[in-house]
file input_20.pdb (PDB, C-alpha atoms, pLDDT in the B column)
ATOM      1  CA  MET A   1       4.619 -12.623 -11.262  1.00 61.00           C
ATOM      2  CA  ARG A   2       1.922  -9.979 -10.736  1.00 68.00           C
ATOM      3  CA  PHE A   3       1.575 -11.136  -7.110  1.00 71.00           C
ATOM      4  CA  LYS A   4       5.366 -11.213  -6.523  1.00 74.00           C
ATOM      5  CA  LYS A   5       6.642  -9.440  -3.399  1.00 82.00           C
ATOM      6  CA  ALA A   6       9.952 -11.219  -2.755  1.00 79.00           C
ATOM      7  CA  ASP A   7      13.102  -9.348  -3.815  1.00 85.00           C
ATOM      8  CA  ALA A   8      15.556 -12.028  -2.695  1.00 85.00           C
ATOM      9  CA  GLN A   9      15.403 -15.751  -2.027  1.00 80.00           C
ATOM     10  CA  ILE A  10      17.550 -17.587   0.526  1.00 81.00           C
ATOM     11  CA  ARG A  11      18.086 -21.332   0.318  1.00 74.00           C
ATOM     12  CA  ILE A  12      18.838 -23.002   3.646  1.00 72.00           C
ATOM     13  CA  VAL A  13      20.198 -26.540   3.348  1.00 69.00           C
ATOM     14  CA  ILE A  14      19.949 -28.690   6.471  1.00 67.00           C
ATOM     15  CA  THR A  15      22.505 -31.472   6.068  1.00 65.00           C
ATOM     16  CA  ILE A  16      20.651 -33.953   8.249  1.00 68.00           C
ATOM     17  CA  GLY A  17      18.310 -35.597   5.790  1.00 70.00           C
ATOM     18  CA  GLU A  18      19.286 -33.109   3.054  1.00 72.00           C
ATOM     19  CA  ILE A  19      16.282 -30.925   3.811  1.00 77.00           C
ATOM     20  CA  LEU A  20      16.002 -27.795   1.686  1.00 78.00           C
ATOM     21  CA  LYS A  21      14.304 -24.736   3.182  1.00 81.00           C
ATOM     22  CA  VAL A  22      13.530 -21.692   1.013  1.00 83.00           C
ATOM     23  CA  GLU A  23      12.756 -18.263   2.509  1.00 88.00           C
ATOM     24  CA  ASN A  24      11.683 -15.197   0.498  1.00 90.00           C
ATOM     25  CA  LEU A  25      12.631 -11.679   1.585  1.00 90.00           C
ATOM     26  CA  SER A  26      11.097  -8.320   0.727  1.00 91.00           C
ATOM     27  CA  LEU A  27      13.878  -5.704   0.838  1.00 90.00           C
ATOM     28  CA  LYS A  28      13.380  -2.026   1.694  1.00 88.00           C
ATOM     29  CA  LYS A  29      16.258   0.455   1.652  1.00 85.00           C
ATOM     30  CA  ALA A  30      15.865   3.920   3.161  1.00 82.00           C
ATOM     31  CA  ASN A  31      17.819   6.842   4.536  1.00 79.00           C
ATOM     32  CA  SER A  32      17.234   7.851   8.136  1.00 72.00           C
ATOM     33  CA  ASP A  33      15.271  10.902   6.949  1.00 71.00           C
ATOM     34  CA  ALA A  34      13.221   8.928   4.425  1.00 70.00           C
ATOM     35  CA  ASP A  35       9.457   9.202   4.366  1.00 76.00           C
ATOM     36  CA  TYR A  36       7.230   6.923   2.288  1.00 85.00           C
ATOM     37  CA  ASN A  37       8.036   3.845   0.206  1.00 87.00           C
ATOM     38  CA  GLN A  38       5.648   2.512  -2.418  1.00 90.00           C
ATOM     39  CA  VAL A  39       4.731  -1.132  -1.863  1.00 92.00           C
ATOM     40  CA  ASP A  40       2.110  -1.666  -4.592  1.00 94.00           C
ATOM     41  CA  LYS A  41       0.523   0.182  -7.521  1.00 94.00           C
ATOM     42  CA  ARG A  42      -1.986  -0.950 -10.136  1.00 95.00           C
ATOM     43  CA  ARG A  43      -4.987   0.280 -12.062  1.00 96.00           C
ATOM     44  CA  VAL A  44      -8.311   0.228 -10.246  1.00 97.00           C
ATOM     45  CA  ASP A  45      -9.585  -2.534 -12.562  1.00 97.00           C
ATOM     46  CA  SER A  46      -6.682  -4.777 -11.480  1.00 96.00           C
ATOM     47  CA  TYR A  47      -7.527  -4.307  -7.812  1.00 97.00           C
ATOM     48  CA  GLN A  48     -11.191  -4.952  -8.556  1.00 98.00           C
ATOM     49  CA  LYS A  49     -10.264  -8.326 -10.078  1.00 97.00           C
ATOM     50  CA  MET A  50      -8.091  -9.125  -7.047  1.00 96.00           C
ATOM     51  CA  TRP A  51     -10.515  -8.062  -4.321  1.00 97.00           C
ATOM     52  CA  SER A  52     -13.940  -8.211  -6.001  1.00 97.00           C
ATOM     53  CA  PHE A  53     -15.300  -4.843  -4.912  1.00 97.00           C
ATOM     54  CA  ASP A  54     -18.384  -3.757  -6.833  1.00 97.00           C
ATOM     55  CA  ASP A  55     -18.596  -1.444  -9.848  1.00 97.00           C
ATOM     56  CA  GLU A  56     -19.751   1.521  -7.760  1.00 95.00           C
ATOM     57  CA  ILE A  57     -16.616   1.416  -5.620  1.00 97.00           C
ATOM     58  CA  ALA A  58     -14.492   0.961  -8.752  1.00 97.00           C
ATOM     59  CA  TYR A  59     -16.167   3.966 -10.353  1.00 94.00           C
ATOM     60  CA  TRP A  60     -15.470   6.295  -7.421  1.00 95.00           C
ATOM     61  CA  LEU A  61     -11.919   5.007  -6.982  1.00 96.00           C
ATOM     62  CA  LYS A  62     -11.335   5.970 -10.627  1.00 95.00           C
ATOM     63  CA  LEU A  63     -12.611   9.457  -9.814  1.00 93.00           C
ATOM     64  CA  PHE A  64     -10.151   9.450  -6.904  1.00 94.00           C
ATOM     65  CA  THR A  65      -7.199   8.527  -9.138  1.00 95.00           C
ATOM     66  CA  GLY A  66      -8.299  10.751 -12.008  1.00 91.00           C
ATOM     67  CA  GLU A  67      -8.815   7.868 -14.418  1.00 92.00           C
ATOM     68  CA  ASN A  68     -12.361   9.188 -14.546  1.00 89.00           C
ATOM     69  CA  ASN A  69     -12.240  12.981 -14.672  1.00 82.00           C
ATOM     70  CA  PRO A  70     -14.676  14.554 -12.154  1.00 76.00           C
ATOM     71  CA  LYS A  71     -15.466  17.356 -14.612  1.00 73.00           C
ATOM     72  CA  SER A  72     -17.248  14.780 -16.744  1.00 69.00           C
ATOM     73  CA  PHE A  73     -19.484  13.730 -13.861  1.00 69.00           C
ATOM     74  CA  ALA A  74     -20.610  17.060 -12.424  1.00 65.00           C
ATOM     75  CA  LYS A  75     -24.074  15.734 -11.537  1.00 67.00           C
ATOM     76  CA  LEU A  76     -22.566  13.093  -9.238  1.00 67.00           C
ATOM     77  CA  VAL A  77     -19.985  15.373  -7.681  1.00 64.00           C
ATOM     78  CA  GLY A  78     -22.501  18.158  -7.101  1.00 66.00           C
ATOM     79  CA  GLU A  79     -21.469  21.660  -6.119  1.00 69.00           C
ATOM     80  CA  VAL A  80     -18.349  20.613  -4.226  1.00 73.00           C
ATOM     81  CA  GLU A  81     -15.414  22.990  -4.749  1.00 79.00           C
ATOM     82  CA  LEU A  82     -12.720  20.585  -5.943  1.00 82.00           C
ATOM     83  CA  ARG A  83      -9.162  21.074  -4.652  1.00 85.00           C
ATOM     84  CA  ASP A  84      -7.799  19.469  -7.815  1.00 85.00           C
ATOM     85  CA  LYS A  85      -9.771  19.631 -11.060  1.00 83.00           C
ATOM     86  CA  ARG A  86      -8.105  16.428 -12.296  1.00 85.00           C
ATOM     87  CA  ARG A  87      -9.369  14.123  -9.568  1.00 88.00           C
ATOM     88  CA  LEU A  88     -11.583  13.723  -6.505  1.00 90.00           C
ATOM     89  CA  PHE A  89     -10.521  13.315  -2.873  1.00 94.00           C
ATOM     90  CA  PHE A  90     -12.384  11.012  -0.497  1.00 95.00           C
ATOM     91  CA  ASP A  91     -13.607  13.902   1.635  1.00 93.00           C
ATOM     92  CA  GLU A  92     -15.148  15.447  -1.502  1.00 91.00           C
ATOM     93  CA  MET A  93     -17.279  12.357  -2.159  1.00 91.00           C
ATOM     94  CA  PRO A  94     -20.812  11.906  -0.825  1.00 90.00           C
ATOM     95  CA  GLU A  95     -20.726  10.511   2.701  1.00 93.00           C
ATOM     96  CA  GLU A  96     -22.513   7.304   1.733  1.00 95.00           C
ATOM     97  CA  ILE A  97     -19.793   6.614  -0.877  1.00 95.00           C
ATOM     98  CA  TRP A  98     -16.710   7.112   1.278  1.00 95.00           C
ATOM     99  CA  THR A  99     -18.448   5.222   4.087  1.00 97.00           C
ATOM    100  CA  LYS A 100     -19.014   2.300   1.717  1.00 98.00           C
ATOM    101  CA  ILE A 101     -15.367   2.360   0.594  1.00 98.00           C
ATOM    102  CA  ILE A 102     -14.078   2.482   4.179  1.00 98.00           C
ATOM    103  CA  THR A 103     -16.399  -0.389   5.125  1.00 98.00           C
ATOM    104  CA  PHE A 104     -15.096  -2.496   2.221  1.00 98.00           C
ATOM    105  CA  PHE A 105     -11.459  -2.032   3.174  1.00 98.00           C
ATOM    106  CA  GLU A 106     -12.225  -2.622   6.848  1.00 97.00           C
ATOM    107  CA  GLU A 107     -14.051  -5.876   6.118  1.00 97.00           C
ATOM    108  CA  ASN A 108     -11.405  -7.033   3.623  1.00 97.00           C
ATOM    109  CA  ARG A 109      -8.361  -5.694   5.462  1.00 97.00           C
ATOM    110  CA  ILE A 110      -6.613  -9.079   5.788  1.00 96.00           C
ATOM    111  CA  ILE A 111      -6.548  -9.915   2.075  1.00 97.00           C
ATOM    112  CA  VAL A 112      -5.736  -6.318   1.067  1.00 97.00           C
ATOM    113  CA  VAL A 113      -2.795  -6.012   3.471  1.00 97.00           C
ATOM    114  CA  SER A 114      -1.575  -9.494   2.567  1.00 96.00           C
ATOM    115  CA  ASP A 115      -1.639  -8.798  -1.170  1.00 96.00           C
ATOM    116  CA  ILE A 116       0.206  -5.477  -0.966  1.00 95.00           C
ATOM    117  CA  LEU A 117       2.860  -6.567   1.561  1.00 95.00           C
ATOM    118  CA  LYS A 118       3.199 -10.351   1.304  1.00 94.00           C
ATOM    119  CA  GLY A 119       1.901 -11.210  -2.161  1.00 94.00           C
ATOM    120  CA  ARG A 120       0.751 -14.626  -3.321  1.00 90.00           C
ATOM    121  CA  GLY A 121       2.286 -17.835  -4.596  1.00 86.00           C
ATOM    122  CA  GLY A 122       5.872 -19.053  -4.724  1.00 83.00           C
ATOM    123  CA  LEU A 123       7.335 -15.537  -4.789  1.00 85.00           C
ATOM    124  CA  SER A 124       5.368 -14.179  -1.848  1.00 91.00           C
ATOM    125  CA  ALA A 125       7.469 -12.692   0.951  1.00 92.00           C
ATOM    126  CA  ASN A 126       8.181 -14.543   4.209  1.00 93.00           C
ATOM    127  CA  TRP A 127      10.253 -11.725   5.723  1.00 93.00           C
ATOM    128  CA  MET A 128      10.833  -7.996   5.349  1.00 92.00           C
ATOM    129  CA  LEU A 129      14.354  -6.598   5.689  1.00 92.00           C
ATOM    130  CA  VAL A 130      14.664  -2.821   6.109  1.00 92.00           C
ATOM    131  CA  THR A 131      18.051  -1.106   6.025  1.00 90.00           C
ATOM    132  CA  ARG A 132      18.423   2.483   7.213  1.00 88.00           C
ATOM    133  CA  TYR A 133      21.417   4.646   6.389  1.00 86.00           C
ATOM    134  CA  ASN A 134      22.286   7.575   8.648  1.00 85.00           C
ATOM    135  CA  LYS A 135      24.071  10.192   6.519  1.00 81.00           C
ATOM    136  CA  ASN A 136      25.417  12.173   9.469  1.00 81.00           C
ATOM    137  CA  GLU A 137      26.942   9.205  11.269  1.00 81.00           C
ATOM    138  CA  GLU A 138      27.633   7.167   8.097  1.00 82.00           C
ATOM    139  CA  THR A 139      26.180   4.079   9.737  1.00 87.00           C
ATOM    140  CA  THR A 140      23.675   1.507   8.540  1.00 89.00           C
ATOM    141  CA  THR A 141      21.224  -0.258  10.806  1.00 91.00           C
ATOM    142  CA  TRP A 142      18.786  -2.964   9.830  1.00 92.00           C
ATOM    143  CA  THR A 143      15.736  -4.787  11.052  1.00 92.00           C
ATOM    144  CA  LEU A 144      14.370  -8.142   9.908  1.00 93.00           C
ATOM    145  CA  LYS A 145      10.808  -9.147  10.750  1.00 94.00           C
ATOM    146  CA  ASP A 146       8.625 -12.055   9.705  1.00 95.00           C
ATOM    147  CA  ILE A 147       5.920 -11.017   7.286  1.00 96.00           C
ATOM    148  CA  ASN A 148       3.038 -11.718   9.685  1.00 96.00           C
ATOM    149  CA  THR A 149       4.541  -9.301  12.198  1.00 96.00           C
ATOM    150  CA  VAL A 150       4.990  -6.765   9.383  1.00 96.00           C
ATOM    151  CA  MET A 151       1.385  -7.126   8.218  1.00 97.00           C
ATOM    152  CA  ASN A 152       0.021  -6.795  11.748  1.00 97.00           C
ATOM    153  CA  PHE A 153       2.210  -3.753  12.392  1.00 97.00           C
ATOM    154  CA  PHE A 154       1.438  -1.789   9.226  1.00 97.00           C
ATOM    155  CA  GLY A 155      -2.103  -3.074   8.733  1.00 96.00           C
ATOM    156  CA  GLY A 156      -3.273  -2.613  12.316  1.00 94.00           C
ATOM    157  CA  GLY A 157      -5.199   0.501  13.223  1.00 94.00           C
ATOM    158  CA  GLU A 158      -8.157   2.485  11.977  1.00 96.00           C
ATOM    159  CA  VAL A 159      -9.338   2.642   8.372  1.00 97.00           C
ATOM    160  CA  LYS A 160     -10.118   6.313   7.826  1.00 97.00           C
ATOM    161  CA  ILE A 161      -9.776   9.326   5.548  1.00 97.00           C
ATOM    162  CA  SER A 162      -6.407  11.041   5.909  1.00 96.00           C
ATOM    163  CA  PRO A 163      -6.104  14.810   6.532  1.00 95.00           C
ATOM    164  CA  ARG A 164      -5.252  15.241   2.835  1.00 93.00           C
ATOM    165  CA  GLY A 165      -8.249  13.269   1.587  1.00 95.00           C
ATOM    166  CA  SER A 166      -6.566   9.936   0.876  1.00 96.00           C
ATOM    167  CA  LEU A 167      -7.203   6.743   2.843  1.00 97.00           C
ATOM    168  CA  TYR A 168      -5.362   5.223   5.799  1.00 97.00           C
ATOM    169  CA  LEU A 169      -5.405   1.457   6.352  1.00 97.00           C
ATOM    170  CA  GLY A 170      -3.676   1.490   9.695  1.00 97.00           C
ATOM    171  CA  LYS A 171      -0.153   2.709   8.882  1.00 96.00           C
ATOM    172  CA  ILE A 172      -0.633   2.120   5.138  1.00 97.00           C
ATOM    173  CA  THR A 173      -1.629   5.035   2.912  1.00 97.00           C
ATOM    174  CA  MET A 174      -3.730   4.512  -0.219  1.00 97.00           C
ATOM    175  CA  GLN A 175      -3.450   7.388  -2.669  1.00 94.00           C
ATOM    176  CA  ARG A 176      -3.338   8.439  -6.299  1.00 93.00           C
ATOM    177  CA  LYS A 177      -0.001   7.623  -7.915  1.00 89.00           C
ATOM    178  CA  GLY A 178       0.529  10.978  -9.640  1.00 83.00           C
ATOM    179  CA  GLY A 179       3.598  11.869 -11.689  1.00 81.00           C
ATOM    180  CA  THR A 180       4.811   9.912 -14.690  1.00 77.00           C
ATOM    181  CA  PRO A 181       4.446   7.483 -16.363  1.00 82.00           C
ATOM    182  CA  ASP A 182       1.174   6.284 -14.798  1.00 83.00           C
ATOM    183  CA  PRO A 183      -0.413   9.121 -12.791  1.00 90.00           C
ATOM    184  CA  THR A 184      -3.893   7.596 -12.541  1.00 92.00           C
ATOM    185  CA  LYS A 185      -2.929   4.336 -10.883  1.00 95.00           C
ATOM    186  CA  LEU A 186      -3.853   3.561  -7.294  1.00 96.00           C
ATOM    187  CA  GLN A 187      -0.860   3.100  -5.005  1.00 96.00           C
ATOM    188  CA  PHE A 188      -0.172   1.913  -1.468  1.00 96.00           C
ATOM    189  CA  LYS A 189       2.689   3.338   0.589  1.00 95.00           C
ATOM    190  CA  ILE A 190       4.308   2.671   3.946  1.00 95.00           C
ATOM    191  CA  LYS A 191       7.025   4.324   6.018  1.00 92.00           C
ATOM    192  CA  PRO A 192       9.450   1.370   6.237  1.00 91.00           C
ATOM    193  CA  CYS A 193      11.587   3.011   8.937  1.00 90.00           C
ATOM    194  CA  GLN A 194       8.609   2.749  11.307  1.00 92.00           C
ATOM    195  CA  LEU A 195       9.437  -0.962  11.540  1.00 92.00           C
ATOM    196  CA  PHE A 196      12.511  -0.023  13.594  1.00 91.00           C
ATOM    197  CA  SER A 197      10.205   0.792  16.494  1.00 90.00           C
ATOM    198  CA  LEU A 198       9.972  -3.001  16.955  1.00 86.00           C
ATOM    199  CA  GLY A 199      13.758  -3.248  17.362  1.00 71.00           C
ATOM    200  CA  GLU A 200      16.848  -2.890  15.158  1.00 58.00           C
ATOM    201  CA  ARG A 201      20.253  -4.379  14.459  1.00 55.00           C
ATOM    202  CA  GLN A 202      23.622  -2.793  13.592  1.00 45.00           C
TER
END

call {"tool": "encode", "arguments": {"input": "input_20.pdb", "output": "structure tokens"}}
result
Amino acid sequence: MRFKKADAQIRIVITIGEILKVENLSLKKANSDADYNQVDKRRVDSYQKMWSFDDEIAYWLKLFTGENNPKSFAKLVGEVELRDKRRLFFDEMPEEIWTKIITFFEENRIIVVSDILKGRGGLSANWMLVTRYNKNEETTTWTLKDINTVMNFFGGGEVKISPRGSLYLGKITMQRKGGTPDPTKLQFKIKPCQLFSLGERQ
């Protein structure tokens, strides 16, 4: 269940030969003015078990989420003027550290994007369905794309530090969860309405 990404399952029965076909859908609902949608969140240790990055990367990712408080590690942080005393941004880390983190996610992009968008096992997603409601026109449009197209679309592009000090994996943003009840988890977000640029239905 921890690798589940499907929100709905469709059973297609082909009468010739009584063949049963099962397709899993990931569902995203948004208003036309919607921004980000969270697609995955976990503690850094959980992602380390999934993706096998080393303890140094795990340590600095915990500083990024605030699970490790940067005040407690002043010698490592140095004399950087922190924008938020509770956590560390990527552009506040030593260059060799954020370069190492970017390199890891670049080299492991396929498995990372697959895990956060498709998932694993019997409840992994085969398709993503995004519905978009326009409040002004009171209309709903939708787009349905196979999961490989979705992964290529959102996961394609440069891995780099965002202007706010988080991390971009193509069109996916990796950031600190913040808020309640689990502010120090790592989360991944997309803008699902961007998928409409590949075509939509009414």

call {"tool": "residues_around", "arguments": {"input": "input_20.pdb", "residues": "A:Asp91", "least_positions_apart": "2", "cutoff": "10 Å", "atoms": "all atoms listed in the file", "output": "compact mmCIF listing (two decimals) with C-alpha atoms, keeping the file's coordinate frame"}}
result
# COMPACT_ATOMS: atom_id res chain seq x y z
CA LEU A 88 -11.58 13.72 -6.50
CA PHE A 89 -10.52 13.32 -2.87
CA MET A 93 -17.28 12.36 -2.16
CA PRO A 94 -20.81 11.91 -0.82
CA GLU A 95 -20.73 10.51 2.70
CA ILE A 97 -19.79 6.61 -0.88
CA TRP A 98 -16.71 7.11 1.28
CA ILE A 161 -9.78 9.33 5.55
CA SER A 162 -6.41 11.04 5.91
CA PRO A 163 -6.10 14.81 6.53
CA ARG A 164 -5.25 15.24 2.84
CA GLY A 165 -8.25 13.27 1.59
CA SER A 166 -6.57 9.94 0.88
CA LEU A 167 -7.20 6.74 2.84

call {"tool": "residues_around", "arguments": {"input": "input_20.pdb", "residues": "stretch 43-58 of chain A", "least_positions_apart": "5", "cutoff": "9 Å", "atoms": "only C-alpha atoms", "output": "list of chain:residue names"}}
result
A:Leu63, A:Thr65, A:Glu67, A:Ile97, A:Trp98, A:Lys100, A:Ile101, A:Phe104, A:Asn108, A:Ile111, A:Val112, A:Asp115, A:Thr184, A:Lys185, A:Leu186, A:Gln187

call {"tool": "residues_near_point", "arguments": {"input": "input_20.pdb", "point": "(11.2, -20.4, 3.3)", "cutoff": "12 Å", "atoms": "all atoms listed in the file", "output": "PDB file with C-alpha atoms, in the frame of the given file"}}
result
ATOM      1  CA  ALA A   6       9.952 -11.219  -2.755  1.00 79.00           C
ATOM      2  CA  ALA A   8      15.556 -12.028  -2.695  1.00 85.00           C
ATOM      3  CA  GLN A   9      15.403 -15.751  -2.027  1.00 80.00           C
ATOM      4  CA  ILE A  10      17.550 -17.587   0.526  1.00 81.00           C
ATOM      5  CA  ARG A  11      18.086 -21.332   0.318  1.00 74.00           C
ATOM      6  CA  ILE A  12      18.838 -23.002   3.646  1.00 72.00           C
ATOM      7  CA  VAL A  13      20.198 -26.540   3.348  1.00 69.00           C
ATOM      8  CA  ILE A  19      16.282 -30.925   3.811  1.00 77.00           C
ATOM      9  CA  LEU A  20      16.002 -27.795   1.686  1.00 78.00           C
ATOM     10  CA  LYS A  21      14.304 -24.736   3.182  1.00 81.00           C
ATOM     11  CA  VAL A  22      13.530 -21.692   1.013  1.00 83.00           C
ATOM     12  CA  GLU A  23      12.756 -18.263   2.509  1.00 88.00           C
ATOM     13  CA  ASN A  24      11.683 -15.197   0.498  1.00 90.00           C
ATOM     14  CA  LEU A  25      12.631 -11.679   1.585  1.00 90.00           C
ATOM     15  CA  GLY A 122       5.872 -19.053  -4.724  1.00 83.00           C
ATOM     16  CA  LEU A 123       7.335 -15.537  -4.789  1.00 85.00           C
ATOM     17  CA  SER A 124       5.368 -14.179  -1.848  1.00 91.00           C
ATOM     18  CA  ALA A 125       7.469 -12.692   0.951  1.00 92.00           C
ATOM     19  CA  ASN A 126       8.181 -14.543   4.209  1.00 93.00           C
ATOM     20  CA  TRP A 127      10.253 -11.725   5.723  1.00 93.00           C
ATOM     21  CA  ASP A 146       8.625 -12.055   9.705  1.00 95.00           C
ATOM     22  CA  ILE A 147       5.920 -11.017   7.286  1.00 96.00           C
TER      23      ILE A 147
END

call {"tool": "residues_around", "arguments": {"input": "input_20.pdb", "residues": "A:Tyr168", "least_positions_apart": "2", "cutoff": "12 Å", "atoms": "all atoms listed in the file", "output": "ChimeraX atom specification"}}
result
/A:90,101-102,105-106,109,113,154-166,170-175,187-190

call {"tool": "atom_distance", "arguments": {"input": "input_20.pdb", "atom1": "atom CA of A:Lys28", "atom2": "atom CA of A:Thr131"}}
result
6.4 Å

call {"tool": "atom_distance", "arguments": {"input": "input_20.pdb", "atom1": "atom CA of A:Val80", "atom2": "atom CA of A:Tyr59"}}
result
17.9 Å

call {"tool": "atom_distance", "arguments": {"input": "input_20.pdb", "atom1": "atom CA of A:Asn37", "atom2": "atom CA of A:Leu129"}}
result
13.4 Å

call {"tool": "closest_residue", "arguments": {"input": "input_20.pdb", "among": "A:Trp142, A:Asp7, A:Ser32, A:Asn134", "to": "A:Leu198", "atoms": "all atoms listed in the file"}}
result
A:Trp142

call {"tool": "closest_residue", "arguments": {"input": "input_20.pdb", "among": "A:Arg42, A:Arg87, A:Lys191, A:Arg132", "to": "A:Trp60", "atoms": "all atoms listed in the file"}}
result
A:Arg87

call {"tool": "closest_residue", "arguments": {"input": "input_20.pdb", "among": "A:Leu82, A:Lys118, A:Lys29, A:Lys71", "to": "A:Lys5", "atoms": "all atoms listed in the file"}}
result
A:Lys118

call {"tool": "closest_residue", "arguments": {"input": "input_20.pdb", "among": "A:Asn136, A:Thr143, A:Asn68, A:Thr149", "to": "A:Asp33", "atoms": "only C-alpha atoms"}}
result
A:Asn136

call {"tool": "closest_residue", "arguments": {"input": "input_20.pdb", "among": "A:Lys135, A:Arg120, A:Arg176, A:Arg83", "to": "A:Lys4", "atoms": "all atoms listed in the file"}}
result
A:Arg120

call {"tool": "closest_residue", "arguments": {"input": "input_20.pdb", "among": "A:Asn152, A:Asn69, A:Thr139, A:Thr180", "to": "A:Leu195", "atoms": "only C-alpha atoms"}}
result
A:Asn152
